[in-house]
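Written out below as structure tokens is the structure these notes cover.
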Amino acid sequence: MSVADQAPRFASPVDHRMWSERIPAPWWILGLILLLLPIVANNFWLFQIMGWTFILGMIGLSLMFLAGYGGMVSLLQMSIAGLAGYMVAILGPSGAANVSLGLSWWIVLPAAFLIAALFATICGALAVRTDGIYTIMITLAIAAAFFYFTRQNYSIFNGYSGFNLVLPPKLFGVNWRDPLPFYYLTLACAALCYGAVVYLARSPFGLALQGVRDNPRRMAALGFNVTAHRVAAYALASVFASTGGILLVWQNAQIAPGTIGISSAIDVLVVAVVGGMRRPLGPFIGAFIYVLLQVFSTDILGFFGFSADRFKLIIGIGFLAIVLFSPDGVLGLWDRWRARMAARKAATTGGGA
Amino acid sequence: MNAPVVSSRMNVPGAGNASSGNALELRGITKMFGALAAISDVTLSVKPGERRAVLGSNGAGKTTLFNCITGDFLPTAGLVRFFGEDVTVFPPHERIRRGLRRTYQISSLFTGLSVMDNIYLACCGVSRNRFSLVRPRPDDALLQAAEILVEAVHLTADKDRLVGELAYGQQRQLEVALALSGAPRFVLFDEPAAGLSPTERADLVTILTSLPAHIGFIIIEHDMDVALRVADSVTMMHNGRIFKEGRSDEIESDPEVQELYLGGGHAHH
């Protein structure tokens with residue numbers, strides 16, 4: 001799978017329309033549906049399905065930013081998310097009172113983002129010296145090392161058992177882990193991250209990142225420090241991953257090495273590829289499909305008399321089908337379907353005239 | 001400051017003399033690819049504002065020389081000085097930020113971007129804005145600089161088209177524009193006229209001759225006519241070595257050059 005094939009299209013840095021005019025109608029409808037969803041959806045849908053979709057989508061988005069715009073396929077994004085989540089558990093209050101420091105949220109949250117960004121920067125600096133498959137190998141190796149480290153280290157990461165009772169702060173008197181507030185919290189974070197990526201893609205940094213992806217040598221000949229640009233992209237992507245990671249800890253109220261295992265790291269890649277890496281929306285669509293399969297395959301598989309563990313098999317077959325038939329994911333299928341419809345429409349109207 | 005690794009390998013004559021007043025100074029540049037010397041012992045200096053043509057047959061080492069000057073390759077031996085500063089081991093982007101620019105023999109553009117955005121990107125590269133996370137406003141200084149450049153290379157009418165849709169000649173013009181972003185002090189043009197029609201060649205000559213006088217350049221050009229019209233002086237290369245140097249008119253009438261150049265480039269020595 002070549003990353004360049006999945007590259008998003010460049011867009012002009014300047015758009016003269018008003019912001020409200022720039023957003024096409026389907027987006028307004030999608031936004032309205034998401035805002036009004038709690039009227040019809042039950043708590044299970046809001047908390048488990050949608051909440052998890054947004055969280056996984058944000059972590060996938062950080063990979064989409066690196067891979068789609070920067071051409072760097074990183075398997076590190078789950079580790080970065082996990083580290084931010086771990087930091088919330090370690091620095092803030094948790095059930096493991098002997099390890100957790102119990103600091104206030106306004107210290108914990110910035111510290112979690114900063115530490116995760118630092119980790120991402122260091123790992124990025126190692127990874128950007130490689131290309132293609134070697135980037136994947138290096139980031140996978142770091143993810144594996146971090147997983148085993150958290151499992152074996154008890155003084156900081158509380159080893160195998162990790163941390164439980166990690167709860168969001170009760171800001172404004174709201175219990176943010178109740179399904180409705182949690183739904184809106186994750187929706188708001190996901191919308192912000194999505195908007196940030198869309199905006200950044202057309203900023204000088206984002207344009208240059210895409211230039212680095214397509215032609216690093218030329219970018220150097222234009223005065224860009226290609227290595228620095230790539231490392232900065234890792235640091236920036238860590239913000240999206242960390243947001244997802246912190247929300248994930250709050251959703252589960254716990255974090256343990258299992259959260260950041262190798263299979264989770266690969267799941268993030270699956271989510272981004274299935275949804276499509278061309279556009280920031282892709283990872284969210286991929287996450288939605290993944291979560292639906294994960295949650296409901298148990299019932300479906302059970303109905304046919306299979307073990308629920310076979311859910312990975314379904315995901316795997318789906319992944320294979322997507323990679324084989326639509327290398328740019330579900331969004332790519334959608335694009336092609338629309339192009340075909342447009343062509344058919346043009347043909348019929350052209351024939352009738 | 002530590003002495004650069006490459007230049008310290010050789011005892012270079014005149015290496016201590018920093019204020020030579022040259023825009024570009026090469027001393028004993030050698031580039032080996034395995035056992036093959038692509039260029040050997042090239043010593044060359046170009047004054048600020050001077051326009052130099054480098055001529056030579058294919059494989060004479062002209063493009064390798066450019067790559068050593070820009071830092072795409074590090075020379076195996078020798079010293080590169082840019083406005084008195086030893087840049088031999090600098091990465092390419094550090095040289096570009098000091099005012100060096102180059103074009104590529106085979107157009108190296110961002111085909112998925114519009115003409116304007118290509119030039120805007122080039123303007124960002126040599127400004128402090130290159131890491132900016134904020135989108136430019138319509139009155140952004142870099143956008144305005146890009147507008148001026150679009151005009152300078154006669155692409156105003158096509159500025160919003162995708163580069164991939166441009167005609168070949170227009171892509172060559174854009175290639176030149178990218179090399180003129182920011183405040184260039186010295187430009188390396190690698191066969192900018194290759195593949196151009198006679199009209200486009202004339203257009204290119206106009207662009208090059210109307211560059212501000214303080215911008216010097218080296219141009220690699222197979223077309224003697226273009227080369228001699230835009231350059232004050234000529235360096236002939238052959239088999240990776242400098243074979244002859246002189247004023248354009250001297251070189252033009254030199255019998256040895258004529259034999260080498262017009263006789264197919266297979267010289268007998």
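Just so we're on the same page: first chain in the structure tokens is A, next is B, and so on; residues restart at 1 for each chain, and ligands are numbered from 1 in the order they show up.
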
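Excluding Leu301 of chain A itself and any same-chain residue fewer than 5 positions from it, the protein and nucleic acid residues within 12 Å of it, counting only C-alpha atoms, are Leu293, Gln294, Val295, Phe296, Phe306, Ser307, Ala308, Asp309, Arg310, Phe311, Lys312, Leu313 and Ile314 of chain A.
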
request  = Find the spatial neighbours of Val197 of chain A, counting only C-alpha atoms, within a cut-off of 9 Å - ignore same-chain residues fewer than 3 positions away - and output them as a ChimeraX atom specification.
outcome  = /A:61-62,65,192-194,200-202,206,280

Go through chain B and flag each residue having an atom no more than 8 Å from chain A; for those, report the closest pair of atoms plus their distance in Å to one decimal, using only C-alpha atoms, ordered by chain and rising number, as JSON lines.
{"residue": "B:Thr70", "atom": "CA", "partner": "A:Ala221", "partner_atom": "CA", "distance": 7.7}
{"residue": "B:Asp72", "atom": "CA", "partner": "A:Arg217", "partner_atom": "CA", "distance": 8.0}
{"residue": "B:Pro92", "atom": "CA", "partner": "A:Ala220", "partner_atom": "CA", "distance": 5.9}
{"residue": "B:His93", "atom": "CA", "partner": "A:Gly223", "partner_atom": "CA", "distance": 4.1}
{"residue": "B:Glu94", "atom": "CA", "partner": "A:Gly223", "partner_atom": "CA", "distance": 6.8}
{"residue": "B:Arg95", "atom": "CA", "partner": "A:Gly223", "partner_atom": "CA", "distance": 7.7}
{"residue": "B:Ile96", "atom": "CA", "partner": "A:Gly223", "partner_atom": "CA", "distance": 5.0}
{"residue": "B:Arg97", "atom": "CA", "partner": "A:Gly223", "partner_atom": "CA", "distance": 5.6}
{"residue": "B:Arg101", "atom": "CA", "partner": "A:Ala221", "partner_atom": "CA", "distance": 7.1}
{"residue": "B:Arg102", "atom": "CA", "partner": "A:Ala221", "partner_atom": "CA", "distance": 7.0}
{"residue": "B:Ser108", "atom": "CA", "partner": "A:Arg218", "partner_atom": "CA", "distance": 6.6}
{"residue": "B:Leu109", "atom": "CA", "partner": "A:Arg218", "partner_atom": "CA", "distance": 7.7}
{"residue": "B:Phe110", "atom": "CA", "partner": "A:Gly211", "partner_atom": "CA", "distance": 7.0}
{"residue": "B:Gly112", "atom": "CA", "partner": "A:Phe10", "partner_atom": "CA", "distance": 6.0}
{"residue": "B:Leu113", "atom": "CA", "partner": "A:Phe10", "partner_atom": "CA", "distance": 5.7}
{"residue": "B:Ser114", "atom": "CA", "partner": "A:Ser12", "partner_atom": "CA", "distance": 7.5}
{"residue": "B:Asp117", "atom": "CA", "partner": "A:Ser12", "partner_atom": "CA", "distance": 6.5}
{"residue": "B:Leu121", "atom": "CA", "partner": "A:Ala208", "partner_atom": "CA", "distance": 6.7}
{"residue": "B:Ala122", "atom": "CA", "partner": "A:Leu222", "partner_atom": "CA", "distance": 5.5}
{"residue": "B:Cys124", "atom": "CA", "partner": "A:Pro204", "partner_atom": "CA", "distance": 6.9}
{"residue": "B:Gly125", "atom": "CA", "partner": "A:Gly223", "partner_atom": "CA", "distance": 4.6}
{"residue": "B:Val126", "atom": "CA", "partner": "A:Gly223", "partner_atom": "CA", "distance": 5.3}
{"residue": "B:Asn129", "atom": "CA", "partner": "A:Pro204", "partner_atom": "CA", "distance": 7.0}
{"residue": "B:Arg130", "atom": "CA", "partner": "A:Pro204", "partner_atom": "CA", "distance": 5.9}
{"residue": "B:Phe131", "atom": "CA", "partner": "A:Phe205", "partner_atom": "CA", "distance": 4.8}
{"residue": "B:Ser132", "atom": "CA", "partner": "A:Phe205", "partner_atom": "CA", "distance": 5.4}
{"residue": "B:Leu133", "atom": "CA", "partner": "A:Ser203", "partner_atom": "CA", "distance": 5.3}
{"residue": "B:Val134", "atom": "CA", "partner": "A:Ser203", "partner_atom": "CA", "distance": 5.4}
{"residue": "B:Arg135", "atom": "CA", "partner": "A:Ser203", "partner_atom": "CA", "distance": 4.3}
{"residue": "B:Pro136", "atom": "CA", "partner": "A:Val14", "partner_atom": "CA", "distance": 6.5}
{"residue": "B:Arg137", "atom": "CA", "partner": "A:Val14", "partner_atom": "CA", "distance": 6.8}
{"residue": "B:Pro138", "atom": "CA", "partner": "A:Val14", "partner_atom": "CA", "distance": 6.6}
{"residue": "B:Leu178", "atom": "CA", "partner": "A:Leu222", "partner_atom": "CA", "distance": 7.6}
{"residue": "B:Ala179", "atom": "CA", "partner": "A:Leu222", "partner_atom": "CA", "distance": 7.6}

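The closest residue to Leu185 of chain A, picked from A:Val73, A:Leu247, A:Val271, A:Ala235 and counting only C-alpha atoms, is A:Leu247.
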
key: Contacts of Phe82 of chain B at 7 Å (only C-alpha atoms; same-chain gap of 6+ positions) as a ChimeraX atom specification   = /B:23-25

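Note that atom CA of Ala145 of chain A and atom CA of Ala117 of chain A are 17.8 Å apart.
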